[in-house]
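Trainee: Next comes the structure file query.txt, holding compact mmCIF, C-alpha atoms.
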# COMPACT_ATOMS: atom_id res chain seq x y z
CA MET W 12 8.61 -5.25 22.98
CA GLY W 13 6.73 -2.32 21.51
CA GLY W 14 7.14 0.84 19.43
CA ALA W 15 9.14 0.74 16.23
CA ASP W 16 11.10 -2.32 17.40
CA LYS W 17 8.06 -4.56 17.43
CA PHE W 18 8.21 -5.46 13.74
CA ASN W 19 11.69 -4.14 12.96
CA ASN W 20 11.25 -3.81 9.18
CA GLN W 21 9.35 -7.06 8.81
CA GLN W 22 7.56 -7.32 5.47
CA ILE W 23 3.83 -7.33 6.01
CA LEU W 24 1.16 -7.36 3.31
CA VAL W 25 -2.15 -5.70 4.20
CA VAL W 26 -4.98 -6.52 1.78
CA GLY W 27 -8.06 -4.33 2.01
CA ALA W 28 -5.97 -1.44 3.26
CA THR W 29 -8.26 1.23 1.84
CA GLY W 30 -11.05 0.20 4.19
CA ALA W 31 -11.30 1.71 7.68
CA LEU W 32 -10.02 -1.43 9.42
CA GLY W 33 -7.27 -2.17 6.90
CA GLY W 34 -6.12 1.45 6.99
CA ALA W 35 -5.98 1.50 10.79
CA ILE W 36 -4.04 -1.77 10.78
CA ALA W 37 -1.53 -0.42 8.26
CA ARG W 38 -0.99 2.74 10.30
CA GLN W 39 -0.46 0.80 13.52
CA LEU W 40 1.99 -1.63 11.90
CA LYS W 41 3.91 1.27 10.40
CA VAL W 42 4.29 2.90 13.82
CA GLU W 43 5.52 -0.44 15.11
CA GLY W 44 8.26 -0.64 12.49
CA ALA W 45 6.78 -2.85 9.75
CA ASP W 46 7.77 -2.46 6.13
CA LEU W 47 4.36 -2.44 4.45
CA ILE W 48 2.93 -3.58 1.17
CA VAL W 49 -0.65 -2.32 1.03
CA SER W 50 -3.36 -3.35 -1.37
CA GLY W 51 -6.89 -2.09 -1.92
CA ARG W 52 -9.50 -1.18 -4.48
CA GLU W 53 -9.50 2.60 -4.25
CA GLN W 54 -6.39 3.99 -5.90
CA GLY W 55 -6.70 7.48 -4.43
CA LYS W 56 -6.94 6.18 -0.86
CA LEU W 57 -4.14 3.72 -1.54
CA ALA W 58 -1.86 6.49 -2.77
CA ALA W 59 -2.67 8.60 0.29
CA LEU W 60 -2.00 5.67 2.62
CA THR W 61 1.32 4.90 0.96
CA ALA W 62 2.33 8.57 1.18
CA GLU W 63 1.54 8.44 4.90
CA CYS W 64 2.98 5.03 5.78
CA GLY W 65 5.68 4.52 3.16
CA GLY W 66 6.29 1.07 1.73
CA SER W 67 4.72 0.01 -1.53
CA SER W 68 1.20 -0.42 -2.81
CA LEU W 69 -0.68 -2.39 -5.40
CA SER W 70 -4.24 -1.85 -6.55
CA VAL W 71 -5.68 -5.21 -7.57
CA ASP W 72 -9.09 -6.52 -8.52
CA LEU W 73 -9.90 -9.43 -6.21
CA SER W 74 -12.98 -10.57 -8.12
CA ASP W 75 -11.06 -13.66 -9.25
CA SER W 76 -7.83 -15.51 -8.63
CA ALA W 77 -5.91 -13.40 -11.15
CA GLY W 78 -5.76 -10.66 -8.53
CA CYS W 79 -4.21 -13.07 -6.04
CA VAL W 80 -1.63 -14.17 -8.61
CA GLN W 81 -0.86 -10.52 -9.32
CA LEU W 82 -0.35 -9.84 -5.61
CA ALA W 83 1.83 -12.91 -5.08
CA ASP W 84 3.96 -11.93 -8.07
CA ALA W 85 4.43 -8.41 -6.76
CA VAL W 86 5.61 -9.11 -3.22
CA GLY W 87 8.88 -10.42 -1.83
CA GLU W 88 9.18 -12.83 1.07
CA LEU W 89 6.66 -11.90 3.74
CA ASP W 90 6.69 -12.09 7.53
CA GLY W 91 2.99 -11.42 7.77
CA VAL W 92 -0.25 -11.17 5.81
CA VAL W 93 -3.42 -9.38 6.86
CA TYR W 94 -6.60 -9.91 4.85
CA ALA W 95 -9.14 -7.20 5.69
CA ALA W 96 -11.03 -6.92 2.40
CA GLY W 97 -14.71 -7.74 2.54
CA VAL W 98 -18.29 -6.94 1.65
CA ALA W 99 -21.43 -7.27 3.76
CA PRO W 100 -24.75 -7.51 1.94
CA VAL W 101 -27.53 -6.93 4.49
CA VAL W 102 -30.50 -8.57 2.82
CA PRO W 103 -33.09 -11.11 4.02
CA VAL W 104 -32.61 -14.41 2.20
CA ARG W 105 -35.74 -14.22 0.06
CA TYR W 106 -34.41 -11.06 -1.62
CA LEU W 107 -30.75 -12.09 -1.80
CA LYS W 108 -29.47 -11.81 -5.37
CA ASP W 109 -27.21 -14.47 -6.85
CA ALA W 110 -24.60 -11.79 -7.48
CA ASP W 111 -24.66 -10.62 -3.85
CA ILE W 112 -24.10 -14.12 -2.50
CA GLU W 113 -21.37 -14.89 -5.01
CA ALA W 114 -19.53 -11.61 -4.45
CA CYS W 115 -19.73 -11.99 -0.68
CA LEU W 116 -18.46 -15.57 -0.57
CA ASN W 117 -15.86 -14.79 -3.19
CA LEU W 118 -14.27 -11.75 -1.57
CA ASN W 119 -14.73 -12.80 2.07
CA THR W 120 -13.93 -16.51 1.91
CA THR W 121 -12.48 -17.65 -1.40
CA MET W 122 -9.98 -14.88 -2.06
CA PRO W 123 -8.12 -15.05 1.28
CA LEU W 124 -7.64 -18.77 0.70
CA LEU W 125 -6.52 -18.31 -2.92
CA LEU W 126 -4.16 -15.54 -1.90
CA ILE W 127 -2.41 -17.83 0.59
CA ARG W 128 -2.36 -20.59 -2.03
CA GLU W 129 -0.54 -18.30 -4.46
CA LEU W 130 1.85 -17.02 -1.79
CA LEU W 131 2.70 -20.61 -0.82
CA LYS W 132 3.17 -21.70 -4.43
CA LYS W 133 5.60 -18.86 -5.00
CA LYS W 134 7.28 -19.40 -1.62
CA ARG W 135 6.51 -15.88 -0.52
CA LEU W 136 5.87 -16.74 3.13
CA LYS W 137 8.87 -16.95 5.45
CA THR W 138 9.18 -19.68 8.05
CA GLY W 139 7.36 -18.34 11.09
CA ALA W 140 5.10 -16.03 9.05
CA SER W 141 1.81 -14.99 10.63
CA ILE W 142 -1.48 -14.75 8.74
CA VAL W 143 -4.44 -12.79 10.11
CA TRP W 144 -7.86 -12.89 8.48
CA MET W 145 -10.66 -10.50 9.38
CA SER W 146 -13.76 -12.42 10.37
CA SER W 147 -16.81 -11.18 12.27
CA LEU W 148 -19.03 -11.97 15.22
CA ALA W 149 -21.61 -12.82 12.56
CA SER W 150 -19.84 -16.17 12.12
CA VAL W 151 -21.25 -17.41 15.42
CA ARG W 152 -24.22 -15.10 16.10
CA GLY W 153 -27.33 -15.25 13.97
CA THR W 154 -28.70 -11.91 12.78
CA ALA W 155 -31.57 -11.48 10.33
CA GLY W 156 -30.33 -10.20 7.00
CA TYR W 157 -26.78 -11.49 7.38
CA ALA W 158 -27.05 -15.05 6.05
CA ALA W 159 -24.55 -14.64 3.20
CA TYR W 160 -22.10 -12.60 5.27
CA ALA W 161 -22.30 -14.98 8.24
CA ALA W 162 -21.71 -17.97 5.97
CA SER W 163 -18.71 -16.27 4.42
CA LYS W 164 -17.12 -15.55 7.79
CA ALA W 165 -17.89 -18.97 9.29
CA GLY W 166 -16.29 -20.50 6.20
CA LEU W 167 -13.29 -18.25 6.60
CA GLU W 168 -12.76 -19.34 10.21
CA ALA W 169 -13.14 -23.01 9.31
CA SER W 170 -10.55 -22.59 6.56
CA ALA W 171 -8.21 -20.84 8.97
CA ARG W 172 -8.28 -23.79 11.37
CA CYS W 173 -7.38 -26.23 8.59
CA LEU W 174 -4.71 -23.96 7.17
CA ALA W 175 -3.23 -23.50 10.65
CA LEU W 176 -2.65 -27.25 10.85
CA GLU W 177 -1.18 -27.42 7.36
CA LEU W 178 1.28 -24.61 8.03
CA ALA W 179 2.25 -25.41 11.62
CA PRO W 180 5.23 -27.58 10.56
CA LYS W 181 6.72 -24.43 9.02
CA ARG W 182 5.99 -22.50 12.23
CA MET W 183 3.54 -20.38 10.25
CA ARG W 184 0.44 -19.31 12.14
CA VAL W 185 -3.09 -18.56 10.94
CA ASN W 186 -5.62 -16.72 13.08
CA CYS W 187 -8.82 -14.73 12.67
CA ILE W 188 -10.16 -11.68 14.42
CA ALA W 189 -13.91 -11.35 14.95
CA PRO W 190 -14.75 -7.69 15.52
CA GLY W 191 -18.09 -6.58 16.83
CA MET W 192 -19.62 -3.22 15.93
CA ILE W 193 -16.71 -1.02 14.90
CA GLU W 194 -17.28 2.53 13.75
CA THR W 195 -16.31 2.15 10.09
CA ASP W 196 -17.64 3.03 6.66
CA MET W 197 -19.00 -0.49 6.29
CA ALA W 198 -20.81 -0.25 9.61
CA GLU W 199 -22.25 3.12 8.58
CA ALA W 200 -23.46 1.68 5.30
CA THR W 201 -25.00 -1.22 7.18
CA ALA W 202 -26.65 1.13 9.64
CA GLU W 203 -28.43 2.82 6.72
CA ARG W 204 -30.35 -0.43 6.21
CA ILE W 205 -31.24 -0.94 9.85
CA SER W 206 -33.84 0.93 11.84
CA ASP W 207 -32.71 3.32 14.58
CA GLU W 208 -34.40 1.12 17.18
CA ALA W 209 -32.62 -2.04 16.00
CA LEU W 210 -29.27 -0.26 15.91
CA ALA W 211 -29.76 1.17 19.39
CA ALA W 212 -30.75 -2.25 20.73
CA HIS W 213 -27.68 -3.81 19.13
CA LEU W 214 -25.34 -1.20 20.59
CA LYS W 215 -26.80 -1.80 24.05
CA ALA W 216 -25.40 -5.34 23.89
CA TYR W 217 -21.82 -4.01 24.04
CA PRO W 218 -20.73 -3.57 27.67
CA LEU W 219 -17.81 -1.43 26.49
CA GLY W 220 -19.78 0.34 23.73
CA ALA W 221 -18.90 0.34 20.04
CA GLY W 222 -15.28 -0.19 19.08
CA GLN W 223 -12.83 1.81 17.03
CA PRO W 224 -10.65 0.61 14.15
CA ALA W 225 -7.61 1.09 16.42
CA ASP W 226 -8.97 -1.64 18.72
CA VAL W 227 -8.91 -4.12 15.86
CA ALA W 228 -5.51 -2.87 14.72
CA ALA W 229 -4.03 -3.54 18.18
CA ALA W 230 -5.38 -7.10 18.18
CA THR W 231 -4.05 -7.66 14.66
CA SER W 232 -0.63 -6.42 15.71
CA PHE W 233 -0.63 -8.91 18.59
CA LEU W 234 -1.51 -11.85 16.34
CA LEU W 235 1.11 -10.84 13.77
CA SER W 236 3.85 -10.44 16.34
CA GLN W 237 6.00 -12.95 18.17
CA GLU W 238 4.01 -12.13 21.31
CA SER W 239 1.46 -14.63 19.99
CA ARG W 240 3.97 -17.17 18.70
CA TRP W 241 2.15 -20.05 20.45
CA VAL W 242 -1.28 -19.02 19.18
CA THR W 243 -2.67 -20.50 15.98
CA GLY W 244 -6.01 -21.56 14.55
CA ILE W 245 -8.04 -19.30 16.81
CA THR W 246 -10.63 -16.61 16.27
CA LEU W 247 -10.09 -13.73 18.65
CA PRO W 248 -13.26 -11.79 19.46
CA VAL W 249 -12.65 -8.05 19.65
CA ASP W 250 -16.10 -6.96 20.61
CA GLY W 251 -16.26 -4.85 23.76
CA GLY W 252 -17.73 -7.77 25.68
CA PHE W 253 -20.59 -8.47 23.26
CA SER W 254 -19.98 -12.23 23.30
CA ILE W 255 -19.75 -12.59 27.08
CA MET O 24 -44.35 -0.21 -12.40
CA SER O 25 -47.50 0.91 -10.64
CA LEU O 26 -48.60 1.95 -7.18
CA ALA O 27 -50.95 -1.04 -7.00
CA LYS O 28 -48.12 -3.45 -7.76
CA PHE O 29 -45.88 -1.67 -5.26
CA ILE O 30 -48.50 -2.11 -2.54
CA GLU O 31 -48.80 -5.78 -3.48
CA ASN O 32 -45.02 -6.18 -3.25
CA PHE O 33 -45.02 -4.40 0.12
CA GLU O 34 -47.72 -6.72 1.44
CA GLU O 35 -45.73 -9.70 0.27
CA ALA O 36 -42.51 -8.44 1.87
CA VAL O 37 -43.84 -7.72 5.35
CA GLU O 38 -44.84 -10.75 7.40
CA ASP O 39 -48.40 -11.03 8.69
CA ILE O 40 -49.94 -8.54 6.27
CA GLU O 41 -53.16 -9.77 4.69
CA PRO O 42 -53.02 -9.44 0.87
CA GLY O 43 -55.26 -6.58 -0.24
CA SER O 44 -55.44 -5.02 3.22
CA LEU O 45 -53.24 -2.00 2.50
CA THR O 46 -54.01 1.12 0.47
CA ALA O 47 -52.08 4.06 -0.92
CA THR O 48 -52.79 6.06 2.21
CA THR O 49 -51.78 3.37 4.69
CA LYS O 50 -49.30 4.74 7.22
CA TYR O 51 -46.98 1.79 7.07
CA ARG O 52 -44.85 2.75 10.07
CA GLU O 53 -47.95 2.49 12.24
CA LEU O 54 -48.67 -1.09 11.19
CA GLU O 55 -48.47 -3.67 13.95
CA ALA O 56 -46.23 -5.77 11.71
CA TRP O 57 -43.74 -2.93 11.23
CA ASP O 58 -40.53 -3.86 13.02
CA SER O 59 -36.79 -3.93 12.38
CA LEU O 60 -37.06 -7.00 10.15
CA ALA O 61 -39.84 -5.40 8.10
CA PHE O 62 -37.67 -2.29 7.77
CA LEU O 63 -34.77 -4.34 6.42
CA THR O 64 -36.98 -6.47 4.22
CA VAL O 65 -38.74 -3.55 2.52
CA ILE O 66 -35.38 -1.97 1.64
CA ALA O 67 -34.30 -5.32 0.18
CA MET O 68 -37.61 -5.76 -1.68
CA ILE O 69 -37.27 -2.32 -3.29
CA ASP O 70 -33.72 -3.15 -4.35
CA ALA O 71 -34.70 -6.56 -5.71
CA GLU O 72 -37.94 -5.55 -7.45
CA TYR O 73 -37.15 -2.02 -8.59
CA ASP O 74 -33.35 -1.96 -8.65
CA VAL O 75 -33.49 1.12 -6.44
CA ARG O 76 -31.24 1.40 -3.39
CA ILE O 77 -33.02 3.54 -0.86
CA LYS O 78 -31.50 4.55 2.44
CA GLY O 79 -33.16 3.89 5.76
CA ASP O 80 -33.88 7.61 6.12
CA VAL O 81 -36.38 7.43 3.27
CA LEU O 82 -38.34 4.74 5.09
CA LYS O 83 -38.16 6.74 8.30
CA ASN O 84 -39.37 9.96 6.66
CA CYS O 85 -42.20 8.82 4.39
CA GLU O 86 -45.61 8.40 5.95
CA THR O 87 -47.76 6.56 3.45
CA LEU O 88 -47.18 3.83 0.89
CA GLU O 89 -48.01 6.37 -1.79
CA ALA O 90 -45.24 8.66 -0.56
CA LEU O 91 -42.80 5.77 -0.39
CA TYR O 92 -43.70 4.69 -3.90
CA ALA O 93 -43.08 8.25 -5.12
CA GLN O 94 -39.57 8.06 -3.70
CA VAL O 95 -38.94 4.70 -5.33
CA SER O 96 -40.20 5.80 -8.72
CA ALA O 97 -38.57 9.25 -8.63
Once more with this new file: its structure as structure tokens, please.

Mentor:
Amino acid sequence: MGGADKFNNQQILVVGATGALGGAIARQLKVEGADLIVSGREQGKLAALTAECGGSSLSVDLSDSAGCVQLADAVGELDGVVYAAGVAPVVPVRYLKDADIEACLNLNTTMPLLLIRELLKKKRLKTGASIVWMSSLASVRGTAGYAAYAASKAGLEASARCLALELAPKRMRVNCIAPGMIETDMAEATAERISDEALAAHLKAYPLGAGQPADVAAATSFLLSQESRWVTGITLPVDGGFSI
Amino acid sequence: MSLAKFIENFEEAVEDIEPGSLTATTKYRELEAWDSLAFLTVIAMIDAEYDVRIKGDVLKNCETLEALYAQVSA
């Protein structure tokens, strides 16, 4: 099943939709017939995305659980949830600031968990709902400067495995996607802190070259859809062969 | 904030640099210890110590520690 029939007006919440990955995911899901609720920090981008994809939008501050409560209050019963919000401080440990570590763990690890908690409390997830969290190859590959980010994503994946077991009796599924180097704003910002030589060496490790947001969107669509109905608790690498 | 203190911070940030071995005119990109980790660490040190977020291009374009310090203190 593909095209607009794939999601057939299913209600899907995309958090972090104003980022390059979240935006690409929203656009793909719209083409495939989803009825979207998009959330993000940047109101202008959110308005533009909603104008393009329809559905509804909500700008929330995810610095604490109040934002998750606000989101859970605003949505109806959902068939799917995508969490693609995140930050990536690229700083060697000895110069890591408390605030950087806290913000990274909070947005990347704590908030996705609290969001699901609030959605469950308010019974906003339908039986058979699919949850997809955006992780990273950093969760399993050590890279200097990424200690906080790697910890946040490894924690996210560990939480996903536990949550997958908790929700399996309701036929709800929880999976992560671990993208490699995708050409996004976040990757560009990261590249500004990495030498040309290091970036070139990193890119060489991708047999299929750097990825595009659409590659991650396609994988997200698969994990949200019934095509993956027997898949839960996994982390799917989408990395152009980097992890071979 | 002084050039001398900046050089001291730079020496501390980059591994295998002997304290007191660098000067204002040192061409830091020609140092044996200058590698991708040093690149990342100096950006982080400048952020942590001076609350200045410089882009990688600045590190790539400056030649001496004096020139880099001028960018940081601008």

Trainee: Residues near range 149-160 of chain W, anyone? I mean within 9 Å using all atoms listed in the file, not counting same-chain ones fewer than 5 positions away, as a list of chain:residue names.

Mentor: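 Residues near the query, excluding close chain neighbours: W:Val98, W:Ala99, W:Pro100, W:Val101, W:Val102, W:Pro103, W:Val104, W:Leu107, W:Asp111, W:Ile112, W:Glu113, W:Cys115, W:Leu116, W:Asn119, W:Ala165, W:Gly166, W:Leu167, W:Glu168, W:Ala189, W:Gly191, W:Ser254, O:Leu60, O:Leu63, O:Thr64.
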
Trainee: Excluding same-chain residues fewer than 3 positions from Thr246 in chain W, what lies within 6 Å of it counting only C-alpha atoms, as a ChimeraX atom specification?

Mentor: /W:186-188

Trainee: From the set O:Ala56, O:Thr46, O:Val65, O:Ile40, which residue has the shortest atom-to-atom contact distance to chain W, counting all atoms listed in the file?

Mentor: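 Among the listed residues, the smallest separation from chain W belongs to O:Val65.
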
Trainee: Give the residues of chain W that lie within 7 Å of chain O; count only C-alpha atoms, and format the answer as a list in words.

Mentor: Val102, Pro103, Tyr106, Glu203, Arg204, Ile205, Ser206 and Ala209 of chain W

Trainee: Using the file's own x, y and z axes, so that the box edges lie along x, y and z, what centre and edge lengths in Å (one decimal) does a box around every listed atom of range 70-78 of chain O get when 5 Å is added on each side? Give it as AutoDock Vina command-line options.

Mentor:
--center_x -34.6 --center_y -1.0 --center_z -3.1 --size_x 16.7 --size_y 21.1 --size_z 21.1

Trainee: Pick the closest to Ala90 in chain O from O:Leu26, O:Pro42, O:Tyr73, O:Glu35: which is it, counting all atoms listed in the file?

Mentor: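 Closest candidate: O:Leu26.
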
Trainee: Using all atoms listed in the file, which protein or nucleic acid residues come within 12 Å of range 133-139 of chain W? Drop anything in the same chain fewer than 3 positions from it, and give the result as a ChimeraX atom specification.

Mentor: /W:21-24,79-92,126-130,142,175,178-185,235-237,239-243

Trainee: Pick from W:Ala162, W:Ala35, W:Ala228, W:Leu219: nearest to Asn117 in chain W, with only C-alpha atoms counted?

Mentor: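 Comparing W:Ala162, W:Ala35, W:Ala228, W:Leu219 against Asn117 in chain W, the winner is W:Ala162.
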
Trainee: CA of Asn19 in chain W and CA of Arg38 in chain W, how far apart in Å?

Mentor: 14.7 Å

Trainee: Can you work out the spacing between CA of Gly33 in chain W and CA of Ala96 in chain W in Å, to one decimal?

Mentor: 7.5 Å

Trainee: Between O:Phe29, O:Glu34, O:Ala97, O:Thr87, which one has atoms that come closest to Thr48 in chain O, using only C-alpha atoms?

Mentor: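 Going through O:Phe29, O:Glu34, O:Ala97, O:Thr87 one by one, the smallest distance to Thr48 in chain O is for O:Thr87.
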
Trainee: With all atoms listed in the file as the basis for distance, which of W:Leu57, W:Ala114, W:Ala221, W:Ala229 is at the shortest distance from Val42 in chain W?

Mentor: W:Ala229

Trainee: Considering only C-alpha atoms, return as a ChimeraX atom specification whatever protein or nucleic-acid residues lie within 10 Å of Ile193 in chain W, sequence-local ones (same chain, fewer than 2 positions apart) excluded.

Mentor: /W:31-32,190-191,195-199,220-227,249-251

Trainee: Please output range 78-97 of chain W, rebuilt to include N, CA, C and O atoms, as a compact mmCIF listing (two decimals), keeping the file's coordinate frame.

Mentor:
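Saved as out.txt:
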# COMPACT_ATOMS: atom_id res chain seq x y z
N GLY W 78 -6.21 -11.70 -9.46
CA GLY W 78 -5.76 -10.66 -8.53
C GLY W 78 -4.81 -11.21 -7.48
O GLY W 78 -3.84 -10.55 -7.09
N CYS W 79 -5.08 -12.43 -7.03
CA CYS W 79 -4.21 -13.07 -6.04
C CYS W 79 -2.85 -13.40 -6.66
O CYS W 79 -1.81 -13.22 -6.01
N VAL W 80 -2.88 -13.86 -7.90
CA VAL W 80 -1.63 -14.17 -8.61
C VAL W 80 -0.81 -12.89 -8.76
O VAL W 80 0.40 -12.87 -8.50
N GLN W 81 -1.52 -11.82 -9.13
CA GLN W 81 -0.86 -10.52 -9.32
C GLN W 81 -0.20 -10.07 -8.01
O GLN W 81 0.95 -9.61 -8.01
N LEU W 82 -0.90 -10.23 -6.91
CA LEU W 82 -0.35 -9.84 -5.61
C LEU W 82 0.87 -10.69 -5.25
O LEU W 82 1.90 -10.17 -4.82
N ALA W 83 0.74 -12.00 -5.44
CA ALA W 83 1.83 -12.91 -5.08
C ALA W 83 3.06 -12.64 -5.93
O ALA W 83 4.20 -12.76 -5.46
N ASP W 84 2.84 -12.25 -7.19
CA ASP W 84 3.96 -11.93 -8.07
C ASP W 84 4.67 -10.65 -7.62
O ASP W 84 5.88 -10.50 -7.81
N ALA W 85 3.89 -9.74 -7.05
CA ALA W 85 4.43 -8.41 -6.76
C ALA W 85 5.21 -8.31 -5.45
O ALA W 85 6.01 -7.39 -5.27
N VAL W 86 4.98 -9.24 -4.55
CA VAL W 86 5.61 -9.11 -3.22
C VAL W 86 6.88 -9.96 -3.12
O VAL W 86 7.07 -10.91 -3.88
N GLY W 87 7.72 -9.59 -2.16
CA GLY W 87 8.88 -10.42 -1.83
C GLY W 87 8.50 -11.40 -0.74
O GLY W 87 7.31 -11.69 -0.56
N GLU W 88 9.48 -11.89 -0.02
CA GLU W 88 9.18 -12.83 1.07
C GLU W 88 8.55 -12.06 2.23
O GLU W 88 9.06 -11.03 2.65
N LEU W 89 7.46 -12.62 2.74
CA LEU W 89 6.66 -11.90 3.74
C LEU W 89 6.80 -12.52 5.13
O LEU W 89 6.88 -13.74 5.27
N ASP W 90 6.76 -11.63 6.13
CA ASP W 90 6.69 -12.09 7.53
C ASP W 90 5.24 -12.18 8.00
O ASP W 90 4.96 -12.88 8.98
N GLY W 91 4.38 -11.43 7.34
CA GLY W 91 2.99 -11.42 7.77
C GLY W 91 2.03 -11.03 6.67
O GLY W 91 2.42 -10.32 5.73
N VAL W 92 0.81 -11.51 6.76
CA VAL W 92 -0.25 -11.17 5.81
C VAL W 92 -1.52 -10.85 6.59
O VAL W 92 -1.93 -11.63 7.46
N VAL W 93 -2.12 -9.73 6.27
CA VAL W 93 -3.42 -9.38 6.86
C VAL W 93 -4.43 -9.30 5.72
O VAL W 93 -4.18 -8.62 4.72
N TYR W 94 -5.54 -10.00 5.86
CA TYR W 94 -6.60 -9.91 4.85
C TYR W 94 -7.80 -9.23 5.49
O TYR W 94 -8.49 -9.81 6.34
N ALA W 95 -8.03 -7.97 5.11
CA ALA W 95 -9.14 -7.20 5.69
C ALA W 95 -10.12 -6.71 4.64
O ALA W 95 -10.91 -5.81 4.91
N ALA W 96 -10.06 -7.29 3.44
CA ALA W 96 -11.03 -6.92 2.40
C ALA W 96 -12.34 -7.64 2.68
O ALA W 96 -12.33 -8.75 3.21
N GLY W 97 -13.44 -7.04 2.33
CA GLY W 97 -14.71 -7.74 2.54
C GLY W 97 -15.90 -6.91 2.11
O GLY W 97 -15.80 -5.70 1.93
